[in-house]
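Visitor: Data: data_7.cif, mmCIF, N, CA and C atoms.
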```
data_entry
#
loop_
_atom_site.label_atom_id
_atom_site.label_comp_id
_atom_site.auth_asym_id
_atom_site.auth_seq_id
_atom_site.Cartn_x
_atom_site.Cartn_y
_atom_site.Cartn_z
N MET A 1060 66.17 0.61 45.59
CA MET A 1060 64.75 0.57 45.35
C MET A 1060 63.97 1.22 46.51
N ARG A 1061 64.38 0.89 47.75
CA ARG A 1061 63.71 1.49 48.91
C ARG A 1061 63.91 2.99 48.93
N LEU A 1062 65.11 3.44 48.58
CA LEU A 1062 65.39 4.87 48.55
C LEU A 1062 64.50 5.57 47.53
N ALA A 1063 64.34 4.98 46.36
CA ALA A 1063 63.49 5.57 45.33
C ALA A 1063 62.03 5.63 45.80
N ALA A 1064 61.55 4.58 46.44
CA ALA A 1064 60.18 4.58 46.95
C ALA A 1064 59.99 5.63 48.04
N ALA A 1065 60.98 5.77 48.91
CA ALA A 1065 60.90 6.77 49.97
C ALA A 1065 60.88 8.18 49.38
N LEU A 1066 61.69 8.42 48.35
CA LEU A 1066 61.70 9.73 47.70
C LEU A 1066 60.36 10.04 47.04
N VAL A 1067 59.76 9.06 46.39
CA VAL A 1067 58.46 9.25 45.76
C VAL A 1067 57.41 9.60 46.81
N MET A 1068 57.43 8.89 47.94
CA MET A 1068 56.46 9.16 49.00
C MET A 1068 56.68 10.55 49.60
N LEU A 1069 57.94 10.93 49.77
CA LEU A 1069 58.25 12.25 50.31
C LEU A 1069 57.79 13.34 49.35
N MET A 1070 58.05 13.18 48.07
CA MET A 1070 57.62 14.17 47.08
C MET A 1070 56.10 14.28 47.04
N ALA A 1071 55.41 13.16 47.16
CA ALA A 1071 53.94 13.19 47.16
C ALA A 1071 53.41 13.93 48.38
N ALA A 1072 54.04 13.72 49.54
CA ALA A 1072 53.60 14.40 50.76
C ALA A 1072 53.84 15.90 50.64
N VAL A 1073 54.98 16.29 50.11
CA VAL A 1073 55.29 17.72 49.93
C VAL A 1073 54.31 18.34 48.95
N THR A 1074 54.03 17.68 47.86
CA THR A 1074 53.10 18.19 46.86
C THR A 1074 51.71 18.37 47.46
N ARG A 1075 51.25 17.39 48.26
CA ARG A 1075 49.94 17.50 48.90
C ARG A 1075 49.90 18.67 49.86
N SER A 1076 50.98 18.85 50.65
CA SER A 1076 50.97 19.95 51.62
C SER A 1076 51.01 21.30 50.92
N GLN A 1077 51.67 21.38 49.79
CA GLN A 1077 51.70 22.64 49.05
C GLN A 1077 50.38 22.91 48.36
N ALA A 1078 49.64 21.89 48.01
CA ALA A 1078 48.41 22.07 47.26
C ALA A 1078 47.23 22.42 48.15
N GLN A 1079 47.35 22.18 49.47
CA GLN A 1079 46.24 22.46 50.35
C GLN A 1079 46.05 23.98 50.47
N PRO A 1080 44.84 24.46 50.26
CA PRO A 1080 44.61 25.89 50.33
C PRO A 1080 44.74 26.41 51.77
N VAL A 1081 45.15 27.66 51.88
CA VAL A 1081 45.25 28.30 53.18
C VAL A 1081 43.85 28.76 53.57
N SER A 1082 43.48 28.48 54.80
CA SER A 1082 42.16 28.91 55.24
C SER A 1082 42.13 30.43 55.33
N PRO A 1083 41.00 31.04 55.06
CA PRO A 1083 40.90 32.50 55.10
C PRO A 1083 41.19 33.05 56.49
N ALA A 1084 41.80 34.22 56.54
CA ALA A 1084 42.05 34.90 57.81
C ALA A 1084 40.73 35.38 58.37
N GLU A 1085 40.49 35.07 59.64
CA GLU A 1085 39.24 35.46 60.30
C GLU A 1085 39.42 36.65 61.23
N THR A 1086 40.66 36.91 61.67
CA THR A 1086 40.92 37.99 62.62
C THR A 1086 42.14 38.80 62.17
N MET A 1087 42.31 39.95 62.81
CA MET A 1087 43.49 40.77 62.53
C MET A 1087 44.75 40.01 62.94
N ARG A 1088 44.69 39.25 64.01
CA ARG A 1088 45.84 38.46 64.44
C ARG A 1088 46.20 37.41 63.39
N ASP A 1089 45.17 36.81 62.77
CA ASP A 1089 45.44 35.87 61.68
C ASP A 1089 46.23 36.55 60.57
N LEU A 1090 45.82 37.76 60.20
CA LEU A 1090 46.54 38.50 59.16
C LEU A 1090 47.97 38.81 59.59
N GLN A 1091 48.13 39.25 60.81
CA GLN A 1091 49.47 39.55 61.32
C GLN A 1091 50.35 38.30 61.25
N ASP A 1092 49.81 37.16 61.65
CA ASP A 1092 50.56 35.91 61.60
C ASP A 1092 50.89 35.52 60.16
N ARG A 1093 49.98 35.80 59.21
CA ARG A 1093 50.26 35.51 57.80
C ARG A 1093 51.43 36.35 57.30
N PHE A 1094 51.44 37.64 57.67
CA PHE A 1094 52.56 38.49 57.28
C PHE A 1094 53.86 37.98 57.91
N ALA A 1095 53.80 37.57 59.16
CA ALA A 1095 54.99 37.06 59.84
C ALA A 1095 55.51 35.81 59.14
N ALA A 1096 54.61 34.97 58.65
CA ALA A 1096 55.01 33.73 57.99
C ALA A 1096 55.55 33.96 56.58
N CYS A 1097 55.03 34.95 55.87
CA CYS A 1097 55.42 35.09 54.46
C CYS A 1097 56.56 36.06 54.24
N PHE A 1098 56.76 37.04 55.11
CA PHE A 1098 57.77 38.08 54.88
C PHE A 1098 59.16 37.52 55.18
N GLN A 1099 60.03 37.59 54.20
CA GLN A 1099 61.42 37.21 54.37
C GLN A 1099 62.24 38.49 54.34
N PRO A 1100 62.83 38.88 55.48
CA PRO A 1100 63.56 40.15 55.49
C PRO A 1100 64.77 40.10 54.56
N PRO A 1101 65.13 41.24 54.01
CA PRO A 1101 66.31 41.30 53.16
C PRO A 1101 67.56 40.94 53.95
N SER A 1102 68.59 40.50 53.25
CA SER A 1102 69.86 40.23 53.92
C SER A 1102 70.41 41.55 54.46
N GLN A 1103 71.16 41.46 55.52
CA GLN A 1103 71.79 42.62 56.16
C GLN A 1103 70.77 43.64 56.66
N ALA A 1104 69.62 43.15 57.13
CA ALA A 1104 68.57 44.05 57.63
C ALA A 1104 68.56 44.14 59.15
N GLU A 1105 69.53 43.50 59.83
CA GLU A 1105 69.55 43.51 61.28
C GLU A 1105 69.52 44.95 61.80
N GLY A 1106 68.70 45.18 62.82
CA GLY A 1106 68.58 46.50 63.41
C GLY A 1106 67.66 47.44 62.64
N THR A 1107 66.92 46.92 61.67
CA THR A 1107 66.06 47.73 60.83
C THR A 1107 64.61 47.63 61.29
N ARG A 1108 63.90 48.75 61.22
CA ARG A 1108 62.46 48.77 61.45
C ARG A 1108 61.84 49.47 60.26
N ILE A 1109 60.89 48.78 59.62
CA ILE A 1109 60.24 49.36 58.45
C ILE A 1109 58.73 49.29 58.65
N THR A 1110 58.06 50.39 58.33
CA THR A 1110 56.61 50.49 58.50
C THR A 1110 55.96 50.84 57.17
N PHE A 1111 54.93 50.08 56.83
CA PHE A 1111 54.17 50.30 55.61
C PHE A 1111 52.75 50.72 55.97
N TYR A 1112 52.15 51.56 55.14
CA TYR A 1112 50.73 51.89 55.22
C TYR A 1112 50.07 51.38 53.94
N PHE A 1113 48.84 50.89 54.08
CA PHE A 1113 48.09 50.45 52.90
C PHE A 1113 46.64 50.25 53.27
N SER A 1114 45.80 50.13 52.25
CA SER A 1114 44.39 49.78 52.39
C SER A 1114 44.14 48.54 51.55
N LEU A 1115 43.17 47.76 51.98
CA LEU A 1115 42.82 46.52 51.28
C LEU A 1115 41.41 46.60 50.73
N ASP A 1116 41.18 45.84 49.67
CA ASP A 1116 39.81 45.66 49.20
C ASP A 1116 39.26 44.37 49.80
N GLY A 1117 38.04 44.04 49.53
CA GLY A 1117 37.40 42.86 50.09
C GLY A 1117 37.97 41.54 49.62
N ASN A 1118 38.78 41.58 48.55
CA ASN A 1118 39.41 40.37 48.04
C ASN A 1118 40.83 40.17 48.58
N GLY A 1119 41.27 41.07 49.48
CA GLY A 1119 42.59 40.93 50.07
C GLY A 1119 43.71 41.53 49.25
N ASN A 1120 43.37 42.34 48.26
CA ASN A 1120 44.38 43.02 47.43
C ASN A 1120 44.61 44.44 47.96
N ILE A 1121 45.80 44.95 47.72
CA ILE A 1121 46.12 46.32 48.13
C ILE A 1121 45.44 47.29 47.18
N ILE A 1122 44.78 48.29 47.75
CA ILE A 1122 44.20 49.36 46.94
C ILE A 1122 45.35 50.28 46.55
N GLY A 1123 45.49 50.54 45.28
CA GLY A 1123 46.57 51.39 44.80
C GLY A 1123 47.81 50.64 44.35
N GLY A 1124 47.78 49.32 44.43
CA GLY A 1124 48.85 48.52 43.85
C GLY A 1124 49.98 48.09 44.76
N LYS A 1125 50.46 48.97 45.65
CA LYS A 1125 51.52 48.54 46.55
C LYS A 1125 51.49 49.38 47.82
N PRO A 1126 52.04 48.83 48.90
CA PRO A 1126 52.05 49.59 50.15
C PRO A 1126 53.02 50.76 50.08
N ARG A 1127 52.79 51.73 50.94
CA ARG A 1127 53.66 52.89 51.00
C ARG A 1127 54.58 52.77 52.21
N THR A 1128 55.87 52.90 51.98
CA THR A 1128 56.83 52.90 53.09
C THR A 1128 56.75 54.26 53.76
N VAL A 1129 56.44 54.27 55.06
CA VAL A 1129 56.28 55.55 55.76
C VAL A 1129 57.33 55.78 56.83
N ALA A 1130 57.98 54.73 57.26
CA ALA A 1130 59.05 54.89 58.24
C ALA A 1130 60.08 53.81 57.99
N PHE A 1131 61.31 54.19 58.09
CA PHE A 1131 62.38 53.24 57.84
C PHE A 1131 63.51 53.55 58.80
N GLY A 1132 63.60 52.79 59.88
CA GLY A 1132 64.67 52.97 60.85
C GLY A 1132 65.86 52.15 60.43
N PHE A 1133 66.90 52.82 59.99
CA PHE A 1133 68.08 52.13 59.48
C PHE A 1133 69.29 53.02 59.66
N GLN A 1134 70.35 52.46 60.17
CA GLN A 1134 71.61 53.19 60.31
C GLN A 1134 72.55 52.74 59.21
N GLY A 1135 72.75 53.58 58.23
CA GLY A 1135 73.63 53.22 57.13
C GLY A 1135 73.54 54.25 56.02
N SER A 1136 74.20 53.94 54.92
CA SER A 1136 74.24 54.88 53.79
C SER A 1136 72.89 54.95 53.09
N ASP A 1137 72.68 56.03 52.35
CA ASP A 1137 71.44 56.19 51.58
C ASP A 1137 71.28 55.08 50.55
N SER A 1138 72.37 54.67 49.92
CA SER A 1138 72.27 53.62 48.90
C SER A 1138 71.87 52.29 49.55
N ASN A 1139 72.42 51.97 50.72
CA ASN A 1139 72.01 50.73 51.41
C ASN A 1139 70.58 50.83 51.89
N ARG A 1140 70.18 52.00 52.35
CA ARG A 1140 68.80 52.21 52.79
C ARG A 1140 67.84 52.00 51.63
N ASN A 1141 68.13 52.59 50.48
CA ASN A 1141 67.27 52.42 49.30
C ASN A 1141 67.22 50.97 48.86
N ARG A 1142 68.35 50.27 48.91
CA ARG A 1142 68.40 48.86 48.52
C ARG A 1142 67.53 48.03 49.46
N LEU A 1143 67.67 48.25 50.77
CA LEU A 1143 66.87 47.50 51.74
C LEU A 1143 65.39 47.81 51.60
N ASP A 1144 65.06 49.06 51.34
CA ASP A 1144 63.66 49.44 51.16
C ASP A 1144 63.06 48.71 49.97
N THR A 1145 63.77 48.71 48.86
CA THR A 1145 63.29 48.01 47.66
C THR A 1145 63.16 46.52 47.91
N GLN A 1146 64.15 45.93 48.59
CA GLN A 1146 64.10 44.49 48.88
C GLN A 1146 62.94 44.17 49.82
N ALA A 1147 62.69 45.03 50.80
CA ALA A 1147 61.57 44.80 51.73
C ALA A 1147 60.24 44.89 50.99
N GLU A 1148 60.09 45.87 50.11
CA GLU A 1148 58.86 45.98 49.32
C GLU A 1148 58.67 44.76 48.44
N ASP A 1149 59.75 44.27 47.83
CA ASP A 1149 59.66 43.07 46.99
C ASP A 1149 59.26 41.86 47.83
N ALA A 1150 59.85 41.73 49.03
CA ALA A 1150 59.52 40.60 49.90
C ALA A 1150 58.06 40.66 50.33
N LEU A 1151 57.58 41.86 50.65
CA LEU A 1151 56.19 42.01 51.07
C LEU A 1151 55.22 41.72 49.93
N SER A 1152 55.62 42.02 48.70
CA SER A 1152 54.73 41.80 47.56
C SER A 1152 54.36 40.32 47.39
N LYS A 1153 55.17 39.43 47.93
CA LYS A 1153 54.89 37.99 47.84
C LYS A 1153 53.76 37.56 48.78
N CYS A 1154 53.32 38.45 49.66
CA CYS A 1154 52.27 38.13 50.63
C CYS A 1154 50.86 38.34 50.07
N TRP A 1155 50.74 38.91 48.89
CA TRP A 1155 49.43 39.26 48.32
C TRP A 1155 49.00 38.23 47.30
N PRO A 1156 47.73 38.07 47.03
CA PRO A 1156 46.60 38.61 47.79
C PRO A 1156 46.42 37.83 49.08
N LEU A 1157 45.77 38.45 50.04
CA LEU A 1157 45.45 37.80 51.30
C LEU A 1157 44.10 37.11 51.17
N SER A 1158 43.95 35.99 51.82
CA SER A 1158 42.68 35.29 51.83
C SER A 1158 41.92 35.73 53.08
N LEU A 1159 40.79 36.42 52.87
CA LEU A 1159 40.02 36.98 53.98
C LEU A 1159 38.74 36.18 54.21
N GLY A 1160 38.42 35.95 55.49
CA GLY A 1160 37.14 35.36 55.84
C GLY A 1160 36.03 36.37 55.58
N ALA A 1161 34.80 35.93 55.62
CA ALA A 1161 33.66 36.79 55.26
C ALA A 1161 33.58 38.04 56.13
N ASP A 1162 33.77 37.91 57.43
CA ASP A 1162 33.67 39.09 58.31
C ASP A 1162 34.76 40.11 58.00
N LEU A 1163 36.00 39.65 57.85
CA LEU A 1163 37.08 40.59 57.51
C LEU A 1163 36.86 41.20 56.13
N ALA A 1164 36.42 40.39 55.19
CA ALA A 1164 36.19 40.90 53.83
C ALA A 1164 35.13 42.01 53.82
N ASN A 1165 34.22 41.99 54.78
CA ASN A 1165 33.20 43.02 54.86
C ASN A 1165 33.63 44.24 55.66
N THR A 1166 34.55 44.08 56.61
CA THR A 1166 34.91 45.20 57.48
C THR A 1166 36.24 45.87 57.15
N ILE A 1167 37.14 45.17 56.47
CA ILE A 1167 38.48 45.70 56.26
C ILE A 1167 38.63 46.65 55.06
N PRO A 1168 37.80 46.54 54.03
CA PRO A 1168 38.04 47.36 52.82
C PRO A 1168 38.04 48.86 53.08
N GLY A 1169 39.04 49.51 52.48
CA GLY A 1169 39.12 50.97 52.47
C GLY A 1169 39.75 51.59 53.69
N LYS A 1170 39.90 50.85 54.76
CA LYS A 1170 40.53 51.40 55.97
C LYS A 1170 42.05 51.37 55.79
N VAL A 1171 42.73 52.28 56.46
CA VAL A 1171 44.19 52.34 56.37
C VAL A 1171 44.78 51.52 57.51
N TYR A 1172 45.76 50.71 57.18
CA TYR A 1172 46.44 49.86 58.15
C TYR A 1172 47.94 50.13 58.11
N PHE A 1173 48.59 49.89 59.24
CA PHE A 1173 50.05 49.93 59.22
C PHE A 1173 50.57 48.55 59.58
N LEU A 1174 51.66 48.22 58.94
CA LEU A 1174 52.33 46.94 59.11
C LEU A 1174 53.79 47.23 59.37
N GLN A 1175 54.28 46.77 60.50
CA GLN A 1175 55.66 47.07 60.87
C GLN A 1175 56.45 45.78 61.04
N PHE A 1176 57.63 45.78 60.44
CA PHE A 1176 58.58 44.68 60.60
C PHE A 1176 59.80 45.24 61.30
N GLN A 1177 60.22 44.58 62.35
CA GLN A 1177 61.44 44.98 63.05
C GLN A 1177 62.37 43.78 63.09
N VAL A 1178 63.56 43.96 62.53
CA VAL A 1178 64.55 42.90 62.52
C VAL A 1178 65.57 43.24 63.59
N ASP A 1179 65.65 42.41 64.62
CA ASP A 1179 66.56 42.73 65.72
C ASP A 1179 68.01 42.40 65.34
N THR A 1180 68.92 42.66 66.24
CA THR A 1180 70.34 42.50 65.93
C THR A 1180 70.74 41.04 65.74
N GLN A 1181 69.89 40.09 66.16
CA GLN A 1181 70.16 38.68 65.91
C GLN A 1181 69.47 38.17 64.65
N GLY A 1182 68.80 39.06 63.91
CA GLY A 1182 68.14 38.67 62.67
C GLY A 1182 66.72 38.16 62.83
N ARG A 1183 66.17 38.19 64.06
CA ARG A 1183 64.78 37.77 64.28
C ARG A 1183 63.86 38.90 63.86
N THR A 1184 62.75 38.53 63.22
CA THR A 1184 61.79 39.53 62.74
C THR A 1184 60.54 39.51 63.62
N LEU A 1185 60.16 40.70 64.09
CA LEU A 1185 58.91 40.88 64.84
C LEU A 1185 57.94 41.64 63.94
N VAL A 1186 56.65 41.27 64.00
CA VAL A 1186 55.65 41.84 63.10
C VAL A 1186 54.49 42.40 63.91
N LEU A 1187 54.06 43.60 63.52
CA LEU A 1187 52.91 44.23 64.16
C LEU A 1187 52.00 44.78 63.05
N PHE A 1188 50.72 44.42 63.09
CA PHE A 1188 49.73 44.84 62.10
C PHE A 1188 48.56 45.46 62.85
N ARG A 1189 48.24 46.72 62.53
CA ARG A 1189 47.20 47.45 63.24
C ARG A 1189 46.47 48.41 62.30
N PRO A 1190 45.24 48.79 62.70
CA PRO A 1190 44.58 49.89 61.98
C PRO A 1190 45.36 51.18 62.22
N PHE A 1191 45.38 52.05 61.23
CA PHE A 1191 46.03 53.34 61.38
C PHE A 1191 45.40 54.09 62.56
N GLY A 1192 46.22 54.73 63.35
CA GLY A 1192 45.73 55.49 64.48
C GLY A 1192 45.81 54.73 65.79
N SER A 1193 46.14 53.47 65.73
CA SER A 1193 46.25 52.68 66.97
C SER A 1193 47.72 52.49 67.32
N HIS A 1194 48.44 53.58 67.36
CA HIS A 1194 49.88 53.52 67.62
C HIS A 1194 50.19 53.47 69.11
N VAL A 1195 49.49 52.64 69.81
CA VAL A 1195 49.81 52.45 71.22
C VAL A 1195 50.89 51.38 71.31
N PRO A 1196 51.75 51.47 72.31
CA PRO A 1196 52.78 50.43 72.42
C PRO A 1196 52.13 49.05 72.56
N PRO A 1197 52.56 48.10 71.77
CA PRO A 1197 51.95 46.77 71.83
C PRO A 1197 52.42 46.00 73.05
N ASP A 1198 51.56 45.13 73.55
CA ASP A 1198 51.98 44.16 74.55
C ASP A 1198 52.83 43.12 73.85
N GLU A 1199 53.63 42.41 74.59
CA GLU A 1199 54.46 41.39 73.98
C GLU A 1199 53.62 40.33 73.27
N ASP A 1200 52.41 40.06 73.79
CA ASP A 1200 51.52 39.07 73.16
C ASP A 1200 50.96 39.55 71.83
N ASP A 1201 51.05 40.86 71.57
CA ASP A 1201 50.51 41.42 70.34
C ASP A 1201 51.44 41.30 69.15
N ILE A 1202 52.67 40.91 69.37
CA ILE A 1202 53.68 40.89 68.31
C ILE A 1202 53.88 39.46 67.84
N SER A 1203 53.87 39.26 66.53
CA SER A 1203 54.09 37.93 65.97
C SER A 1203 55.54 37.79 65.53
N PRO A 1204 56.24 36.80 66.10
CA PRO A 1204 57.59 36.55 65.58
C PRO A 1204 57.49 35.79 64.27
N ARG A 1205 58.44 36.04 63.38
CA ARG A 1205 58.49 35.31 62.12
C ARG A 1205 59.00 33.90 62.43
N ARG A 1206 58.33 32.92 61.90
CA ARG A 1206 58.72 31.53 62.16
C ARG A 1206 59.66 31.03 61.10
#
```
Kindly return the structure encoded in the file as structure tokens.
Guide:
Amino acid sequence: MRLAAALVMLMAAVTRSQAQPVSPAETMRDLQDRFAACFQPPSQAEGTRITFYFSLDGNGNIIGGKPRTVAFGFQGSDSNRNRLDTQAEDALSKCWPLSLGADLANTIPGKVYFLQFQVDTQGRTLVLFRPFGSHVPPDEDDISPRR
């Protein structure tokens, strides 16, 4: 009986936590952290760096339907590269739409952004989100690790 009651309480807590809305992103760092939290790298992606370009509308949706893969650092066969690219695009598609705060919703639409995921040899994912043209080397504090 106690086990059943504990399970019911646990399920209720999980349901409540899932039902709570995510607060809108107020800064570019908030968006970067959201991508870091939602992106699940494909299996066997260690040592891969993939960069996407895209533009957003004021509602946090991608203009044009999906991001464009513009760089893919991968050592392997073309078939494995294509498989990883497709899996990465599918994983990224689960991050949309983004919830934008009022300031971001007014300033972000129509601009081009790049989003880079780098999976190191231990399988850790580092995320960098920037406006296009700001390809300066990031400081370590600028990169969001996937949690």
Visitor: Give the answer as one residue: which of A:Phe1098, A:Arg1088, A:Gln1177, A:Asn1120 has the shortest atom-to-atom distance to A:Pro1156, using only N, CA and C atoms?
Guide: A:Asn1120
Visitor: Tell me, counting only C-alpha atoms, for each residue of stretch 1094-1178 of chain A within 7 Å of stretch 1081-1084 of chain A, which pair of atoms is nearest and how far apart they are in Å to one decimal, in rows ordered by chain and increasing number, as a Markdown table.
Guide:
```
| residue | atom | partner | partner_atom | distance |
| --- | --- | --- | --- | --- |
| A:Ser1158 | CA | A:Pro1083 | CA | 4.7 |
| A:Leu1159 | CA | A:Pro1083 | CA | 4.7 |
| A:Gly1160 | CA | A:Pro1083 | CA | 4.8 |
```
Visitor: Considering only N, CA and C atoms, return as an mmCIF file with N, CA and C atoms, in the coordinates of the input whatever protein or nucleic-acid residues lie within 8 Å of A:Gln1146, sequence-local ones (same chain, fewer than 6 positions apart) excluded.
Guide:
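Below is the file that was written, part.cif:
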```cif
data_model
loop_
_atom_site.group_PDB
_atom_site.id
_atom_site.type_symbol
_atom_site.label_atom_id
_atom_site.label_comp_id
_atom_site.auth_asym_id
_atom_site.auth_seq_id
_atom_site.Cartn_x
_atom_site.Cartn_y
_atom_site.Cartn_z
ATOM 1 N N GLN A 1099 60.030 37.590 54.200
ATOM 2 C CA GLN A 1099 61.420 37.210 54.370
ATOM 3 C C GLN A 1099 62.240 38.490 54.340
ATOM 4 N N PRO A 1100 62.830 38.880 55.480
ATOM 5 C CA PRO A 1100 63.560 40.150 55.490
ATOM 6 C C PRO A 1100 64.770 40.100 54.560
ATOM 7 N N PRO A 1101 65.130 41.240 54.010
ATOM 8 C CA PRO A 1101 66.310 41.300 53.160
ATOM 9 C C PRO A 1101 67.560 40.940 53.950
ATOM 10 N N SER A 1102 68.590 40.500 53.250
ATOM 11 C CA SER A 1102 69.860 40.230 53.920
ATOM 12 C C SER A 1102 70.410 41.550 54.460
ATOM 13 N N ARG A 1140 70.180 52.000 52.350
ATOM 14 C CA ARG A 1140 68.800 52.210 52.790
ATOM 15 C C ARG A 1140 67.840 52.000 51.630
ATOM 16 N N SER A 1152 55.620 42.020 48.700
ATOM 17 C CA SER A 1152 54.730 41.800 47.560
ATOM 18 C C SER A 1152 54.360 40.320 47.390
#
```
Visitor: Would you list, as an NGL selection string, the residues of stretch 1081-1125 of chain A that end up in strand (DSSP E or B) under DSSP run on this structure's backbone?
Guide: :A and (1084 or 1107-1115 or 1121)
Visitor: Would you save the residues of that selection, restricted to N, CA and C atoms, as a PDB file, in the coordinates of the input?
Guide:
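Result written to part13.pdb:
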```pdb
ATOM      1  N   ALA A1084      41.800  34.220  56.540  1.00  0.00           N
ATOM      2  CA  ALA A1084      42.050  34.900  57.810  1.00  0.00           C
ATOM      3  C   ALA A1084      40.730  35.380  58.370  1.00  0.00           C
ATOM      4  N   THR A1107      66.920  46.920  61.670  1.00  0.00           N
ATOM      5  CA  THR A1107      66.060  47.730  60.830  1.00  0.00           C
ATOM      6  C   THR A1107      64.610  47.630  61.290  1.00  0.00           C
ATOM      7  N   ARG A1108      63.900  48.750  61.220  1.00  0.00           N
ATOM      8  CA  ARG A1108      62.460  48.770  61.450  1.00  0.00           C
ATOM      9  C   ARG A1108      61.840  49.470  60.260  1.00  0.00           C
ATOM     10  N   ILE A1109      60.890  48.780  59.620  1.00  0.00           N
ATOM     11  CA  ILE A1109      60.240  49.360  58.450  1.00  0.00           C
ATOM     12  C   ILE A1109      58.730  49.290  58.650  1.00  0.00           C
ATOM     13  N   THR A1110      58.060  50.390  58.330  1.00  0.00           N
ATOM     14  CA  THR A1110      56.610  50.490  58.500  1.00  0.00           C
ATOM     15  C   THR A1110      55.960  50.840  57.170  1.00  0.00           C
ATOM     16  N   PHE A1111      54.930  50.080  56.830  1.00  0.00           N
ATOM     17  CA  PHE A1111      54.170  50.300  55.610  1.00  0.00           C
ATOM     18  C   PHE A1111      52.750  50.720  55.970  1.00  0.00           C
ATOM     19  N   TYR A1112      52.150  51.560  55.140  1.00  0.00           N
ATOM     20  CA  TYR A1112      50.730  51.890  55.220  1.00  0.00           C
ATOM     21  C   TYR A1112      50.070  51.380  53.940  1.00  0.00           C
ATOM     22  N   PHE A1113      48.840  50.890  54.080  1.00  0.00           N
ATOM     23  CA  PHE A1113      48.090  50.450  52.900  1.00  0.00           C
ATOM     24  C   PHE A1113      46.640  50.250  53.270  1.00  0.00           C
ATOM     25  N   SER A1114      45.800  50.130  52.250  1.00  0.00           N
ATOM     26  CA  SER A1114      44.390  49.780  52.390  1.00  0.00           C
ATOM     27  C   SER A1114      44.140  48.540  51.550  1.00  0.00           C
ATOM     28  N   LEU A1115      43.170  47.760  51.980  1.00  0.00           N
ATOM     29  CA  LEU A1115      42.820  46.520  51.280  1.00  0.00           C
ATOM     30  C   LEU A1115      41.410  46.600  50.730  1.00  0.00           C
ATOM     31  N   ILE A1121      45.800  44.950  47.720  1.00  0.00           N
ATOM     32  CA  ILE A1121      46.120  46.320  48.130  1.00  0.00           C
ATOM     33  C   ILE A1121      45.440  47.290  47.180  1.00  0.00           C
TER      34      ILE A1121
END
```
Visitor: Would you kindly return, as number ranges by chain, each protein, DNA or RNA residue with an atom no farther than 7 Å from any atom of A:Val1171, considering all atoms listed in the file and excluding same-chain residues fewer than 2 positions away?
Guide: A: 1112-1115, 1168-1169, 1173, 1189-1192
Visitor: Quick one: distance from atom CA of A:Ala1130 to atom CA of A:Thr1145 in Å, one decimal?
Guide: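 We find that atom CA of A:Ala1130 and atom CA of A:Thr1145 lie 13.3 Å from each other.
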Visitor: Quick one: of A:Thr1184, A:Asn1165, A:Gln1091, A:Gln1175, who's nearest to A:Ile1109, counting only N, CA and C atoms?
Guide: A:Gln1175
Visitor: Kindly give the distance, in Å, that separates atom N of A:Ala1096 and atom N of A:Gly1135, rounded to a single decimal.
Guide: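 Rounded to one decimal, the two atoms are 26.0 Å apart.
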Visitor: When you look at A:Arg1183 with a cut-off of 12 Å (counting only C-alpha atoms), what residues show up, excluding the ones that are within fewer than 2 positions of it in the same chain? I need them as a list in words.
Guide: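 Everything that qualifies: Ala1095, Phe1098, Gln1099, Pro1100, Pro1101, Ser1102, Gln1103, Ala1104, Glu1105, Gly1106, Thr1107, Arg1108, Phe1176, Gln1177, Val1178, Asp1179, Thr1180, Gln1181, Leu1185, Val1186, Ser1203, Pro1204, Arg1205 and Arg1206 of chain A.
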Visitor: Looking only at the backbone, which of the residues in stretch 1098-1176 of chain A does DSSP tag as alpha helix (DSSP H), as an NGL selection string?
Guide: :A and (1137-1152 or 1161-1166)
Visitor: Between atom C of A:Ser1193 and atom N of A:Gly1123, what is the distance, to one decimal in Å?
Guide: 22.2 Å
Visitor: Translate the PyMOL selection byres ((chain A and resi 1128) around 6), as applied to the file shown, into an explicit residue set as an MDAnalysis selection string.
Guide: chainID A and resid 1110:1112 1126:1127 1129:1130
Visitor: With all atoms listed in the file as the atoms that count, which of A:Leu1174, A:Ile1121, A:Met1087, A:Cys1097 lies nearest to A:Leu1157?
Guide: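 Closest candidate: A:Ile1121.
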Visitor: Using all atoms listed in the file, can you tell me which of A:Asp1144, A:Asp1116, A:Asp1149, A:Asp1162 comes closest to A:Glu1085?
Guide: A:Asp1162
